[in-house]
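S.K.: Here you go, this is my_file.tsv (TSV, C-alpha atoms).
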chain	number	residue	atom	x	y	z
K	625	MET	CA	-13.50	-33.18	-3.73
K	626	PRO	CA	-12.11	-34.67	-0.49
K	627	TRP	CA	-12.98	-32.97	2.78
K	628	GLU	CA	-9.35	-31.96	3.49
K	629	SER	CA	-9.19	-30.23	0.09
K	630	ILE	CA	-12.36	-28.28	0.89
K	631	LEU	CA	-10.86	-27.20	4.22
K	632	GLY	CA	-7.68	-26.20	2.42
K	633	VAL	CA	-9.60	-24.07	-0.06
K	634	VAL	CA	-11.62	-22.32	2.67
K	635	LEU	CA	-8.60	-21.58	4.88
K	636	SER	CA	-6.49	-20.49	1.89
K	637	SER	CA	-9.28	-18.14	0.80
K	638	LEU	CA	-9.32	-16.55	4.25
K	639	ARG	CA	-5.59	-15.86	3.98
K	640	ALA	CA	-6.01	-14.49	0.47
K	641	LEU	CA	-8.87	-12.17	1.44
K	642	GLY	CA	-6.67	-9.61	3.20
K	643	VAL	CA	-4.17	-9.49	0.32
K	644	VAL	CA	-6.82	-9.16	-2.38
K	645	MET	CA	-8.60	-6.38	-0.48
K	646	ALA	CA	-5.35	-4.36	-0.49
K	647	MET	CA	-4.49	-4.87	-4.17
K	648	PRO	CA	-4.94	-1.74	-6.29
K	649	VAL	CA	-6.93	-1.39	-9.49
K	650	PRO	CA	-5.24	0.23	-12.54
K	651	THR	CA	-8.27	2.41	-13.22
K	652	GLY	CA	-8.13	3.93	-9.74
K	653	ARG	CA	-11.65	2.76	-8.92
K	654	GLU	CA	-12.51	0.32	-6.18
K	655	LEU	CA	-13.67	-3.14	-7.19
K	656	PRO	CA	-16.98	-4.25	-5.69
K	657	PRO	CA	-16.60	-6.41	-2.57
K	658	THR	CA	-18.19	-9.36	-4.33
K	659	TRP	CA	-15.46	-9.28	-6.98
K	660	ARG	CA	-12.74	-9.18	-4.34
K	661	VAL	CA	-14.32	-12.11	-2.51
K	662	ALA	CA	-14.46	-13.99	-5.81
K	663	TRP	CA	-10.77	-13.32	-6.42
K	664	SER	CA	-10.00	-14.50	-2.89
K	665	VAL	CA	-11.86	-17.75	-3.50
K	666	LEU	CA	-10.01	-18.18	-6.82
K	667	TRP	CA	-6.66	-17.72	-5.08
K	668	GLY	CA	-7.83	-20.04	-2.32
K	669	VAL	CA	-8.78	-22.77	-4.80
K	670	THR	CA	-5.40	-22.48	-6.50
K	671	MET	CA	-3.40	-22.57	-3.29
K	672	GLY	CA	-5.66	-24.98	-1.40
K	673	VAL	CA	-5.54	-27.65	-4.09
K	674	ALA	CA	-1.84	-27.23	-4.93
K	675	SER	CA	-0.62	-26.92	-1.33
K	676	PRO	CA	1.71	-29.77	-0.32
K	677	ALA	CA	0.25	-29.85	3.22
K	678	LEU	CA	-3.54	-30.00	3.66
K	679	PRO	CA	-5.43	-29.69	6.96
K	680	ASP	CA	-6.30	-32.74	9.01
K	681	PRO	CA	-9.76	-33.94	7.84
K	682	HIS	CA	-10.61	-34.96	11.43
K	683	ILE	CA	-10.02	-31.47	12.85
K	684	GLY	CA	-12.59	-30.31	15.40
K	685	PHE	CA	-14.77	-27.22	15.06
K	686	GLY	CA	-12.90	-25.44	17.87
K	687	GLU	CA	-9.52	-26.03	16.28
K	688	LEU	CA	-10.96	-25.10	12.88
K	689	GLY	CA	-12.21	-21.78	14.27
K	690	ILE	CA	-8.79	-21.04	15.76
K	691	ALA	CA	-7.10	-21.89	12.46
K	692	ALA	CA	-9.54	-19.63	10.59
K	693	MET	CA	-8.83	-16.72	12.94
K	694	HIS	CA	-5.09	-17.14	12.46
K	695	GLU	CA	-5.50	-17.22	8.69
K	696	ILE	CA	-7.64	-14.06	8.73
K	697	MET	CA	-5.12	-12.22	10.91
K	698	LEU	CA	-2.25	-13.37	8.71
K	699	GLY	CA	-4.05	-12.29	5.55
K	700	LEU	CA	-4.88	-8.88	7.01
K	701	ALA	CA	-1.24	-8.39	8.04
K	702	LEU	CA	-0.01	-9.30	4.56
K	703	GLY	CA	-2.58	-6.99	3.00
K	704	PHE	CA	-1.60	-4.22	5.41
K	705	LEU	CA	1.95	-4.29	4.04
K	706	VAL	CA	0.62	-4.01	0.49
K	707	LYS	CA	-1.67	-1.17	1.50
K	708	CYS	CA	1.18	0.71	3.19
K	709	VAL	CA	3.09	0.90	-0.10
K	710	PHE	CA	0.22	2.68	-1.81
K	711	GLN	CA	-0.47	4.90	1.16
K	712	MET	CA	3.08	6.18	0.67
K	713	ALA	CA	1.96	7.61	-2.65
K	714	ALA	CA	-1.28	8.95	-1.14
K	715	MET	CA	0.50	10.66	1.76
K	716	ALA	CA	3.19	12.07	-0.53
K	717	GLY	CA	0.45	13.39	-2.82
K	718	ARG	CA	-1.29	15.12	0.08
K	719	VAL	CA	1.94	16.75	1.24
K	720	ILE	CA	2.78	17.84	-2.31
K	721	ALA	CA	-0.72	19.24	-2.80
K	722	THR	CA	-0.38	21.27	0.39
K	723	GLU	CA	3.02	22.58	-0.60
K	724	VAL	CA	1.90	23.74	-4.05
K	725	GLY	CA	-1.11	25.54	-2.61
K	726	LEU	CA	-3.88	23.03	-3.29
K	727	VAL	CA	-6.38	21.77	-0.74
K	728	ALA	CA	-5.63	18.28	0.60
K	729	ALA	CA	-7.77	16.62	3.21
K	730	PRO	CA	-5.77	14.99	6.02
K	731	GLY	CA	-6.09	11.27	6.64
K	732	PHE	CA	-5.00	7.85	5.47
K	733	ASP	CA	-8.03	6.90	3.43
K	734	THR	CA	-7.87	6.48	-0.34
K	735	PRO	CA	-8.06	9.90	-2.06
K	736	THR	CA	-10.87	10.48	-4.52
K	737	PRO	CA	-10.42	12.43	-7.79
K	738	ASP	CA	-13.35	14.78	-7.14
K	739	LYS	CA	-11.97	15.96	-3.77
K	740	GLU	CA	-8.21	15.39	-4.06
K	741	PRO	CA	-7.16	15.33	-7.72
K	742	LEU	CA	-3.38	15.55	-7.20
K	743	PRO	CA	-3.11	12.79	-4.55
K	744	SER	CA	-5.45	10.66	-6.68
K	745	PHE	CA	-3.22	11.18	-9.70
K	746	ILE	CA	-0.10	10.10	-7.78
K	747	MET	CA	-2.01	7.14	-6.33
K	748	LEU	CA	-3.06	6.17	-9.86
K	749	PHE	CA	0.55	6.50	-11.00
K	750	ALA	CA	1.60	4.10	-8.24
K	751	GLY	CA	-1.09	1.61	-9.28
K	752	VAL	CA	-0.10	1.71	-12.95
K	753	MET	CA	3.56	1.31	-12.01
K	754	PHE	CA	2.67	-1.61	-9.71
K	755	PHE	CA	1.23	-3.58	-12.62
K	756	SER	CA	3.55	-2.37	-15.38
K	757	THR	CA	6.70	-3.38	-13.46
K	758	GLY	CA	5.33	-6.82	-12.58
K	759	ALA	CA	5.20	-6.10	-8.86
K	760	HIS	CA	1.82	-7.83	-8.68
K	761	HIS	CA	3.54	-11.03	-9.81
K	762	MET	CA	6.02	-10.72	-6.95
K	763	VAL	CA	3.20	-10.23	-4.45
K	764	MET	CA	1.35	-13.26	-5.78
K	765	ALA	CA	4.58	-15.29	-5.70
K	766	ALA	CA	5.17	-14.25	-2.08
K	767	PHE	CA	1.62	-15.24	-1.22
K	768	ALA	CA	2.13	-18.65	-2.86
K	769	ARG	CA	5.47	-19.02	-1.09
K	770	SER	CA	3.77	-18.46	2.25
K	771	PHE	CA	1.99	-21.80	1.83
K	772	GLU	CA	5.37	-23.52	1.61
K	773	ILE	CA	6.27	-21.97	4.95
K	774	ALA	CA	2.92	-22.77	6.54
K	775	GLY	CA	0.16	-24.76	4.87
K	776	PRO	CA	-3.57	-23.91	5.00
K	777	GLY	CA	-4.74	-23.75	8.59
K	778	MET	CA	-1.19	-23.83	9.98
K	779	GLY	CA	-0.17	-20.23	9.29
K	780	THR	CA	0.14	-17.54	11.91
K	781	LEU	CA	2.00	-14.31	12.53
K	782	ALA	CA	5.70	-14.64	13.32
K	783	SER	CA	7.19	-13.22	16.50
K	784	VAL	CA	8.74	-10.39	14.48
K	785	ALA	CA	5.36	-9.41	12.99
K	786	PRO	CA	4.62	-6.53	15.43
K	787	MET	CA	7.98	-4.89	14.72
K	788	GLY	CA	7.51	-5.53	11.00
K	789	LEU	CA	4.11	-3.82	10.94
K	790	VAL	CA	5.37	-0.88	13.00
K	791	GLY	CA	8.36	-0.62	10.69
K	792	ALA	CA	6.05	-0.57	7.67
K	793	VAL	CA	4.18	2.43	9.09
K	794	ALA	CA	7.47	4.18	9.86
K	795	GLN	CA	8.69	3.49	6.34
K	796	LEU	CA	5.40	4.83	4.97
K	797	VAL	CA	5.94	8.21	6.62
K	798	GLU	CA	9.65	8.32	5.82
K	799	VAL	CA	9.32	7.51	2.11
K	800	ALA	CA	6.33	9.83	1.70
K	801	VAL	CA	8.30	12.74	3.17
K	802	ARG	CA	11.28	11.87	0.97
K	803	MET	CA	9.11	11.93	-2.15
K	804	ALA	CA	7.66	15.28	-1.14
K	805	ALA	CA	11.00	16.74	0.05
K	806	PRO	CA	11.75	18.72	-3.16
K	807	PHE	CA	8.36	20.40	-2.94
K	808	ILE	CA	8.87	21.21	0.74
K	809	ALA	CA	12.24	22.75	-0.07
K	810	LEU	CA	10.80	24.69	-3.01
K	811	ASN	CA	8.00	26.10	-0.86
K	812	PHE	CA	10.51	27.14	1.81
K	813	VAL	CA	12.70	28.93	-0.74
K	814	ILE	CA	9.72	30.76	-2.27
K	815	ILE	CA	8.36	31.87	1.12
K	816	LEU	CA	11.80	33.01	2.25
K	817	SER	CA	12.41	34.92	-1.00
K	818	PHE	CA	9.09	36.73	-0.89
K	819	SER	CA	9.56	37.50	2.81
K	820	ILE	CA	12.78	39.30	1.95
K	821	LEU	CA	11.10	40.96	-1.04
K	822	GLY	CA	8.26	42.11	1.19
K	823	ARG	CA	10.70	43.82	3.51
K	824	ALA	CA	12.38	45.53	0.56
K	825	ALA	CA	9.12	46.60	-1.11
K	826	PRO	CA	6.43	46.99	1.58
K	827	LYS	CA	3.78	48.15	-0.90
K	828	MET	CA	4.01	44.93	-2.92
K	829	ASN	CA	1.32	42.32	-2.23
K	830	VAL	CA	3.75	39.47	-1.64
K	831	PHE	CA	1.07	37.10	-0.32
K	832	VAL	CA	-0.84	36.93	-3.61
K	833	LEU	CA	2.34	36.78	-5.66
K	834	SER	CA	3.91	34.06	-3.52
K	835	PHE	CA	0.77	31.95	-3.68
K	836	SER	CA	0.73	32.08	-7.48
K	837	MET	CA	4.47	31.41	-7.64
K	838	ARG	CA	4.13	28.39	-5.33
K	839	THR	CA	1.51	26.83	-7.58
K	840	LEU	CA	3.37	27.58	-10.82
K	841	CYS	CA	6.77	26.36	-9.62
K	842	GLY	CA	5.19	23.40	-7.88
K	843	PHE	CA	3.55	22.11	-11.04
K	844	LEU	CA	6.74	22.73	-13.03
K	845	LEU	CA	8.63	20.64	-10.49
K	846	LEU	CA	5.92	17.98	-10.55
K	847	SER	CA	6.25	17.66	-14.33
K	848	GLY	CA	9.82	16.41	-13.83
K	849	ALA	CA	9.36	14.48	-10.59
K	850	GLY	CA	8.13	11.26	-12.14
K	851	THR	CA	11.57	9.65	-11.94
K	852	LEU	CA	11.86	10.51	-8.25
K	853	LEU	CA	8.47	9.03	-7.44
K	854	ALA	CA	9.15	5.94	-9.55
K	855	ARG	CA	12.50	5.38	-7.83
K	856	TYR	CA	11.08	5.31	-4.31
K	857	LEU	CA	8.01	3.31	-5.33
K	858	GLY	CA	10.18	0.81	-7.18
K	859	MET	CA	12.33	0.22	-4.10
K	860	ALA	CA	9.20	-0.26	-1.99
K	861	PHE	CA	7.81	-2.76	-4.51
K	862	ASP	CA	11.08	-4.72	-4.48
K	863	ASP	CA	11.12	-4.98	-0.68
K	864	LEU	CA	7.43	-5.88	-0.38
K	865	PRO	CA	7.62	-9.67	-1.04
K	866	TRP	CA	10.41	-10.18	1.50
K	867	SER	CA	8.57	-8.14	4.10
K	868	MET	CA	5.45	-10.25	3.55
K	869	LEU	CA	7.29	-13.56	3.99
K	870	GLN	CA	8.90	-12.36	7.22
K	871	LEU	CA	5.44	-12.21	8.83
K	872	VAL	CA	4.59	-15.86	8.11
K	873	THR	CA	5.42	-18.77	10.36
K	874	GLU	CA	3.91	-22.15	11.16
K	875	ARG	CA	1.80	-22.67	14.24
K	876	SER	CA	3.24	-25.08	16.76
Take the structure in the file and give it back as structure tokens.

M.R.:
Amino acid sequence: MPWESILGVVLSSLRALGVVMAMPVPTGRELPPTWRVAWSVLWGVTMGVASPALPDPHIGFGELGIAAMHEIMLGLALGFLVKCVFQMAAMAGRVIATEVGLVAAPGFDTPTPDKEPLPSFIMLFAGVMFFSTGAHHMVMAAFARSFEIAGPGMGTLASVAPMGLVGAVAQLVEVAVRMAAPFIALNFVIILSFSILGRAAPKMNVFVLSFSMRTLCGFLLLSGAGTLLARYLGMAFDDLPWSMLQLVTERS
């Protein structure tokens, strides 16, 4: 294999690493890091060999290090956008779990089934939907398209990248709250109703009754909320490839 092809494979693999690390697994379990590195190299081989523009074979080590850093940063930014879509489901699951009376640990890490079953279930639903709707094909196509915008070693973050990443975080919070909005409204109505009932019947233990009612009504609402969750997740999946390509530009 020519030296420029080897450089193309290495630099393409560095760009692919951030995207592969953010890709979900249908089973809900995390793939071992060695598997993700292997997938990154596989993507890198595919893109590095097929790329129309390969790196200069006479590139110096200093310039090669700079190109590698740009590729790593670009790959992490692309992967961050993919991760934000699934953190929408995780955050919505945590808010829903809190509203229906379950314990949900705060944070942005991936929920685990043994500690957070409801957020894990919604996260798993998002992962299954991601693959069943073909959204992973769109992400892979956007990744391949990025090499037409900037070849291996020539990619970097566009000037609009900071606003795009900030906007992704803002969209994460907004969509998560929208998905959990029916449960927030339901909890408010139940608390308000039992507050009025408590004033009318002071001897009634409204706290215990309201807690049980929150959980029962919350799970009844959750049983019919699949369409709502799928609608917002589907829109996020559709916008993801375009958001990824907006971050890519060619280094001058």

S.K.: Between CA of Leu840 (chain K) and CA of Gly725 (chain K), measure the distance and give it in Å to one decimal.

M.R.: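 Separation between CA of Leu840 (chain K) and CA of Gly725 (chain K): 9.6 Å.
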
S.K.: Would you mind listing what lies within 10 Å of Glu723 (chain K) as a ChimeraX atom specification, with all atoms listed in the file counted and same-chain residues fewer than 6 positions away left out?

M.R.: /K:717,804-812,838-839,842

S.K.: Please compute the CA of Tyr856 (chain K)-CA of Ala792 (chain K) distance, one decimal, in Å.

M.R.: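 CA of Ala792 (chain K) lies 14.3 Å from CA of Tyr856 (chain K).
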
S.K.: Looking at all atoms listed in the file, which of K:Ser834, K:Thr757, K:Thr780, K:Thr722 is the one that sits closest to Ala692 (chain K)?

M.R.: K:Thr780

S.K.: Contacts of region 796-803 of chain K at 9 Å or less, counting all atoms listed in the file, minus same-chain residues fewer than 2 places along, as a PyMOL selection string?

M.R.: chain K and resi 708-717+719-720+791-794+805-808+849+852-853+856-857+860
